[in-house]
>>> print(open('query-v8.cif').read())   # mmCIF, C-alpha atoms and all ligand atoms
data_query
#
loop_
_atom_site.label_atom_id
_atom_site.label_comp_id
_atom_site.auth_asym_id
_atom_site.auth_seq_id
_atom_site.Cartn_x
_atom_site.Cartn_y
_atom_site.Cartn_z
CA MET X 1 73.67 51.93 196.11
CA LYS X 2 72.58 48.75 194.33
CA PRO X 3 71.45 49.24 190.70
CA TRP X 4 67.84 48.30 191.41
CA GLN X 5 67.66 50.91 194.16
CA LEU X 6 68.05 53.59 191.50
CA ILE X 7 64.67 52.63 190.04
CA ALA X 8 62.92 52.50 193.42
CA PRO X 9 60.92 55.68 194.04
CA ASN X 10 60.68 56.95 197.61
CA LEU X 11 56.94 57.27 197.08
CA VAL X 12 54.55 55.74 194.53
CA LEU X 13 51.22 57.46 194.03
CA SER X 14 48.42 55.59 192.28
CA ALA X 15 46.99 58.94 191.25
CA PRO X 16 47.99 61.90 189.07
CA ILE X 17 50.24 64.66 190.34
CA TYR X 18 47.49 66.60 192.08
CA ALA X 19 47.53 63.91 194.78
CA ILE X 20 50.63 65.75 196.05
CA THR X 21 49.10 67.97 198.72
CA PRO X 22 50.66 70.40 201.22
CA GLN X 23 49.96 67.73 203.86
CA LEU X 24 51.92 65.15 201.86
CA MET X 25 54.77 67.67 201.49
CA THR X 26 54.81 68.22 205.24
CA ASP X 27 54.61 64.49 206.00
CA HIS X 28 57.74 63.86 203.93
CA GLY X 29 59.64 67.01 204.93
CA LEU X 30 59.52 68.48 201.41
CA SER X 31 59.99 72.16 200.53
CA GLY X 32 60.37 72.20 196.74
CA LEU X 33 59.27 70.39 193.58
CA ILE X 34 60.96 69.53 190.29
CA LEU X 35 58.33 68.29 187.86
CA ASP X 36 58.53 66.26 184.70
CA VAL X 37 56.15 67.62 182.02
CA ASP X 38 55.01 65.02 179.47
CA ASN X 39 52.57 62.52 180.96
CA THR X 40 53.10 64.07 184.38
CA LEU X 41 51.51 67.51 183.99
CA ILE X 42 50.05 67.02 180.54
CA GLY X 43 49.45 64.11 178.14
CA ASP X 44 52.27 63.94 175.60
CA ASP X 45 49.76 64.45 172.79
CA GLU X 46 47.98 67.33 174.49
CA ALA X 47 48.70 71.00 173.86
CA ASP X 48 47.11 72.62 176.88
CA VAL X 49 47.27 72.06 180.60
CA SER X 50 44.00 70.94 182.19
CA GLU X 51 42.13 73.07 184.69
CA ASP X 52 42.83 70.50 187.44
CA ILE X 53 46.58 70.82 186.89
CA ARG X 54 46.40 74.61 186.67
CA LEU X 55 44.57 74.86 190.00
CA TRP X 56 47.00 72.43 191.61
CA VAL X 57 50.00 74.48 190.40
CA GLU X 58 48.41 77.68 191.70
CA LEU X 59 47.93 76.16 195.15
CA MET X 60 51.40 74.61 195.36
CA ARG X 61 53.27 77.58 193.89
CA SER X 62 51.96 79.78 196.69
CA LYS X 63 53.83 77.58 199.17
CA TYR X 64 56.83 75.99 197.40
CA PRO X 65 59.35 76.71 194.64
CA ILE X 66 58.49 74.67 191.54
CA TRP X 67 60.61 74.02 188.44
CA LEU X 68 59.88 72.01 185.31
CA ALA X 69 62.55 69.67 183.92
CA SER X 70 61.61 67.92 180.69
CA ASN X 71 63.48 65.61 178.36
CA ASN X 72 61.38 66.89 175.47
CA PHE X 73 63.51 68.25 172.62
CA SER X 74 60.80 70.71 171.64
CA ASP X 75 61.79 73.77 173.61
CA ARG X 76 58.79 75.55 172.13
CA ARG X 77 56.35 72.99 173.56
CA ILE X 78 57.83 73.02 177.06
CA GLN X 79 58.20 76.81 177.04
CA LYS X 80 54.50 77.10 176.18
CA VAL X 81 53.49 74.81 179.07
CA ALA X 82 55.86 76.61 181.46
CA GLU X 83 54.62 80.05 180.44
CA SER X 84 50.98 79.00 180.76
CA LEU X 85 51.73 77.96 184.35
CA ASN X 86 54.18 80.80 184.99
CA LEU X 87 56.93 78.37 186.09
CA PRO X 88 60.69 78.30 185.38
CA TYR X 89 61.71 75.39 183.19
CA ARG X 90 64.45 73.44 181.42
CA SER X 91 63.81 71.38 178.31
CA ARG X 92 66.23 68.79 176.83
CA ALA X 93 67.12 67.80 180.39
CA GLY X 94 68.62 64.46 179.35
CA LYS X 95 67.29 62.60 182.41
CA PRO X 96 68.58 60.24 183.85
CA SER X 97 71.74 62.30 183.25
CA ARG X 98 72.27 64.54 186.25
CA ARG X 99 73.62 67.73 184.70
CA VAL X 100 70.45 69.75 184.04
CA VAL X 101 68.40 68.53 186.99
CA ARG X 102 71.38 69.28 189.25
CA GLN X 103 71.42 72.87 187.93
CA VAL X 104 67.70 73.18 188.66
CA PHE X 105 68.11 71.69 192.12
CA GLU X 106 71.02 74.02 192.92
CA ALA X 107 68.97 77.03 191.78
CA MET X 108 66.37 76.13 194.41
CA GLU X 109 68.95 76.42 197.22
CA LEU X 110 67.35 73.67 199.29
CA PRO X 111 68.78 70.49 200.84
CA ALA X 112 68.43 67.53 198.45
CA ALA X 113 66.18 65.58 200.82
CA GLN X 114 63.69 68.47 200.83
CA VAL X 115 63.29 68.52 197.05
CA ALA X 116 60.97 66.07 195.30
CA MET X 117 61.67 64.92 191.75
CA VAL X 118 58.22 64.05 190.43
CA GLY X 119 57.55 62.13 187.23
CA ASP X 120 55.77 59.30 185.49
CA ARG X 121 58.86 57.34 184.45
CA LEU X 122 61.21 55.16 186.47
CA PHE X 123 64.11 55.08 184.01
CA THR X 124 64.37 58.85 183.64
CA ASP X 125 62.66 60.78 186.47
CA THR X 126 63.19 58.31 189.31
CA ILE X 127 66.77 57.44 188.37
CA VAL X 128 67.94 61.06 188.07
CA GLY X 129 66.26 61.99 191.35
CA ASN X 130 67.78 59.07 193.19
CA ARG X 131 71.23 59.75 191.72
CA LEU X 132 71.07 63.30 193.11
CA GLY X 133 69.71 62.26 196.49
CA LEU X 134 66.34 63.93 195.89
CA PHE X 135 63.05 62.53 197.18
CA THR X 136 61.55 60.66 194.23
CA ILE X 137 57.82 60.41 193.57
CA LEU X 138 56.29 58.28 190.80
CA VAL X 139 52.88 59.55 189.69
CA GLN X 140 50.22 58.29 187.31
CA PRO X 141 49.87 60.16 184.02
CA PRO X 142 47.02 62.68 184.30
CA PHE X 143 44.97 60.86 181.65
CA GLU X 144 45.20 57.36 183.16
CA GLU X 145 41.72 57.56 184.62
CA LEU X 146 40.35 58.26 181.14
CA ILE X 147 41.49 54.87 179.88
CA LEU X 148 38.33 53.32 181.29
CA LYS X 149 36.37 55.32 178.74
CA PRO X 150 36.40 53.47 175.41
CA SER X 151 37.52 55.91 172.76
CA VAL X 152 40.15 55.96 170.04
CA ALA X 153 41.99 58.71 171.92
CA SER X 154 42.16 56.62 175.08
CA ILE X 155 43.54 53.64 173.16
CA PHE X 156 46.37 55.78 171.80
CA LYS X 157 47.06 57.06 175.26
CA ALA X 158 47.20 53.50 176.58
CA ARG X 159 49.77 52.70 173.89
CA SER X 160 51.91 55.62 174.96
CA SER X 161 51.95 54.09 178.46
CA PHE X 162 53.64 50.95 177.15
CA LEU X 163 57.22 51.97 177.98
CA ARG X 164 56.19 53.24 181.39
CA ASN X 165 54.45 49.97 182.22
CA TRP X 166 57.40 47.97 180.94
CA GLU X 167 59.74 49.90 183.26
CA ILE X 168 57.45 49.20 186.20
CA TRP X 169 57.41 45.51 185.28
CA ILE X 170 61.25 45.46 185.22
CA ALA X 171 61.35 47.24 188.58
CA ARG X 172 58.98 44.70 190.14
CA LYS X 173 61.05 41.84 188.74
CA SER X 174 64.06 43.51 190.36
CA GLY X 175 62.37 43.42 193.73
CA VAL X 176 61.21 47.06 193.86
CA LYS X 177 57.91 47.33 195.74
CA ILE X 178 55.63 49.21 193.37
MG MG G 201 57.15 61.98 181.47
#
>>> encode(input="query-v8.cif", output="structure tokens", more="lines below")
Ligand SMILES: [Mg+2]
Amino acid sequence: MKPWQLIAPNLVLSAPIYAITPQLMTDHGLSGLILDVDNTLIGDDEADVSEDIRLWVELMRSKYPIWLASNNFSDRRIQKVAESLNLPYRSRAGKPSRRVVRQVFEAMELPAAQVAMVGDRLFTDTIVGNRLGLFTILVQPPFEELILKPSVASIFKARSSFLRNWEIWIARKSGVKI
């Protein structure tokens, strides 16, 4: 595998995570989901999961196993999100290191190609998924659509997207179609 292929997601969604539907899962032969938390399920400065995300999790959990795998060092924060959604989780996952995500993937007892690693970041979520042979999906942060609304909060959120956008710029320069 060439280095730039590690930062090429199998699927790029120009929408937040709730664009992943049962139909999309079927279309790509997927049976399980490993989800990043910060800026994938919840803004990294937000404490509570939105109703949209909660409803999406309810729908998807009834059909597929779902785990959370976060790099956040605050176990308390990720535990709170996981408990509010009633999902198993790992914090301090160290993505793009494979160790923790591999443990999660093995706990799901599914073939790698049937498990999607979903996240907002190329250099952590996409790389770890590709290294393990999972199906990688890049999603928009759930607050991205709010950026059109001029408020101080939205400006701070835009700033927190800086690294993400920089990674996407690098990927495009490397020839990745995003
Ligand atoms: Mg994230």
>>> atom_distance(input="query-v8.cif", atom1="CA of Pro111 (chain X)", atom2="CA of Ile34 (chain X)")
13.2 Å
>>> residues_near_ligand(input="query-v8.cif", ligand="ligand MG 201 (chain G)", cutoff="6 Å", atoms="only C-alpha atoms and all ligand atoms", output="list in words")
Asp36, Val37, Asp38, Asn39, Thr40, Gly119, Asp120 and Arg121 of chain X
>>> residues_around(input="query-v8.cif", residues="Val176 (chain X)", least_positions_apart="3", cutoff="12 Å", atoms="all atoms listed in the file", output="VMD selection string")
chain X and resid 2 to 12 122 167 to 173
>>> residues_near_point(input="query-v8.cif", point="(59.1, 71.9, 191.1)", cutoff="8 Å", atoms="all atoms listed in the file", output="number ranges by chain")
X: 32-35, 64-68, 116-118
>>> residues_around(input="query-v8.cif", residues="Arg77 (chain X)", least_positions_apart="6", cutoff="12 Å", atoms="all atoms listed in the file", output="list in words")
Val37, Asp38, Ile42, Asp44, Asp45, Glu46, Ala47, Asp48, Val49, Ser70, Asn71, Glu83, Ser84, Tyr89, Arg90, Ser91 and Arg92 of chain X
>>> write_last_selection(input="query-v8.cif", atoms="C-alpha atoms", output="PDB file, keeping the file's coordinate frame")
ATOM      1  CA  VAL X  37      56.150  67.620 182.020  1.00  0.00           C
ATOM      2  CA  ASP X  38      55.010  65.020 179.470  1.00  0.00           C
ATOM      3  CA  ILE X  42      50.050  67.020 180.540  1.00  0.00           C
ATOM      4  CA  ASP X  44      52.270  63.940 175.600  1.00  0.00           C
ATOM      5  CA  ASP X  45      49.760  64.450 172.790  1.00  0.00           C
ATOM      6  CA  GLU X  46      47.980  67.330 174.490  1.00  0.00           C
ATOM      7  CA  ALA X  47      48.700  71.000 173.860  1.00  0.00           C
ATOM      8  CA  ASP X  48      47.110  72.620 176.880  1.00  0.00           C
ATOM      9  CA  VAL X  49      47.270  72.060 180.600  1.00  0.00           C
ATOM     10  CA  SER X  70      61.610  67.920 180.690  1.00  0.00           C
ATOM     11  CA  ASN X  71      63.480  65.610 178.360  1.00  0.00           C
ATOM     12  CA  GLU X  83      54.620  80.050 180.440  1.00  0.00           C
ATOM     13  CA  SER X  84      50.980  79.000 180.760  1.00  0.00           C
ATOM     14  CA  TYR X  89      61.710  75.390 183.190  1.00  0.00           C
ATOM     15  CA  ARG X  90      64.450  73.440 181.420  1.00  0.00           C
ATOM     16  CA  SER X  91      63.810  71.380 178.310  1.00  0.00           C
ATOM     17  CA  ARG X  92      66.230  68.790 176.830  1.00  0.00           C
TER      18      ARG X  92
END
>>> atom_distance(input="query-v8.cif", atom1="CA of Ser14 (chain X)", atom2="CA of Arg99 (chain X)")
29.0 Å
>>> atom_distance(input="query-v8.cif", atom1="CA of Arg164 (chain X)", atom2="CA of Val101 (chain X)")
20.4 Å
>>> residues_near_point(input="query-v8.cif", point="(47.6, 62.0, 194.6)", cutoff="12 Å", atoms="only C-alpha atoms", output="ChimeraX atom specification")
/X:11-25,40,53,56,118,137-142
>>> closest_residue(input="query-v8.cif", among="X:Val115, X:Leu59, X:Phe123, X:Ser97", to="Thr136 (chain X)", atoms="all atoms listed in the file")
X:Val115
>>> closest_residue(input="query-v8.cif", among="X:Gly175, X:Asn165, X:Ala69, X:Pro88", to="Asp125 (chain X)", atoms="only C-alpha atoms")
X:Ala69
>>> closest_residue(input="query-v8.cif", among="X:Ser31, X:Ser161, X:Asn130, X:Gln79", to="Lys63 (chain X)", atoms="only C-alpha atoms")
X:Ser31
>>> build_atoms(input="query-v8.cif", residues="region 66-85 of chain X", atoms="N, CA and C atoms", output="compact mmCIF listing (two decimals), keeping the file's coordinate frame")
# COMPACT_ATOMS: atom_id res chain seq x y z
N ILE X 66 58.75 75.76 192.49
CA ILE X 66 58.49 74.67 191.54
C ILE X 66 59.24 74.96 190.24
N TRP X 67 59.95 73.95 189.75
CA TRP X 67 60.61 74.02 188.44
C TRP X 67 60.11 72.88 187.57
N LEU X 68 60.15 73.09 186.26
CA LEU X 68 59.88 72.01 185.31
C LEU X 68 61.20 71.55 184.71
N ALA X 69 61.36 70.23 184.58
CA ALA X 69 62.55 69.67 183.92
C ALA X 69 62.10 68.56 182.99
N SER X 70 62.15 68.85 181.68
CA SER X 70 61.61 67.92 180.69
C SER X 70 62.70 67.40 179.77
N ASN X 71 62.57 66.16 179.36
CA ASN X 71 63.48 65.61 178.36
C ASN X 71 63.06 65.97 176.94
N ASN X 72 61.90 66.59 176.80
CA ASN X 72 61.38 66.89 175.47
C ASN X 72 62.35 67.80 174.70
N PHE X 73 62.60 67.45 173.44
CA PHE X 73 63.51 68.25 172.62
C PHE X 73 62.84 69.48 172.05
N SER X 74 61.52 69.54 172.14
CA SER X 74 60.80 70.71 171.64
C SER X 74 60.77 71.79 172.72
N ASP X 75 61.75 72.69 172.63
CA ASP X 75 61.79 73.77 173.61
C ASP X 75 60.52 74.61 173.53
N ARG X 76 59.99 74.74 172.31
CA ARG X 76 58.79 75.55 172.13
C ARG X 76 57.61 74.98 172.91
N ARG X 77 57.46 73.63 172.85
CA ARG X 77 56.35 72.99 173.56
C ARG X 77 56.47 73.19 175.08
N ILE X 78 57.66 72.94 175.60
CA ILE X 78 57.83 73.02 177.06
C ILE X 78 57.76 74.47 177.53
N GLN X 79 58.30 75.38 176.70
CA GLN X 79 58.20 76.81 177.04
C GLN X 79 56.73 77.24 177.12
N LYS X 80 55.92 76.73 176.19
CA LYS X 80 54.50 77.10 176.18
C LYS X 80 53.80 76.61 177.45
N VAL X 81 54.07 75.36 177.84
CA VAL X 81 53.49 74.81 179.07
C VAL X 81 53.98 75.62 180.27
N ALA X 82 55.28 75.89 180.31
CA ALA X 82 55.86 76.61 181.46
C ALA X 82 55.29 78.02 181.56
N GLU X 83 55.15 78.68 180.42
CA GLU X 83 54.62 80.05 180.44
C GLU X 83 53.15 80.06 180.84
N SER X 84 52.41 79.03 180.40
CA SER X 84 50.98 79.00 180.76
C SER X 84 50.81 78.78 182.26
N LEU X 85 51.80 78.18 182.90
CA LEU X 85 51.73 77.96 184.35
C LEU X 85 52.59 78.96 185.12
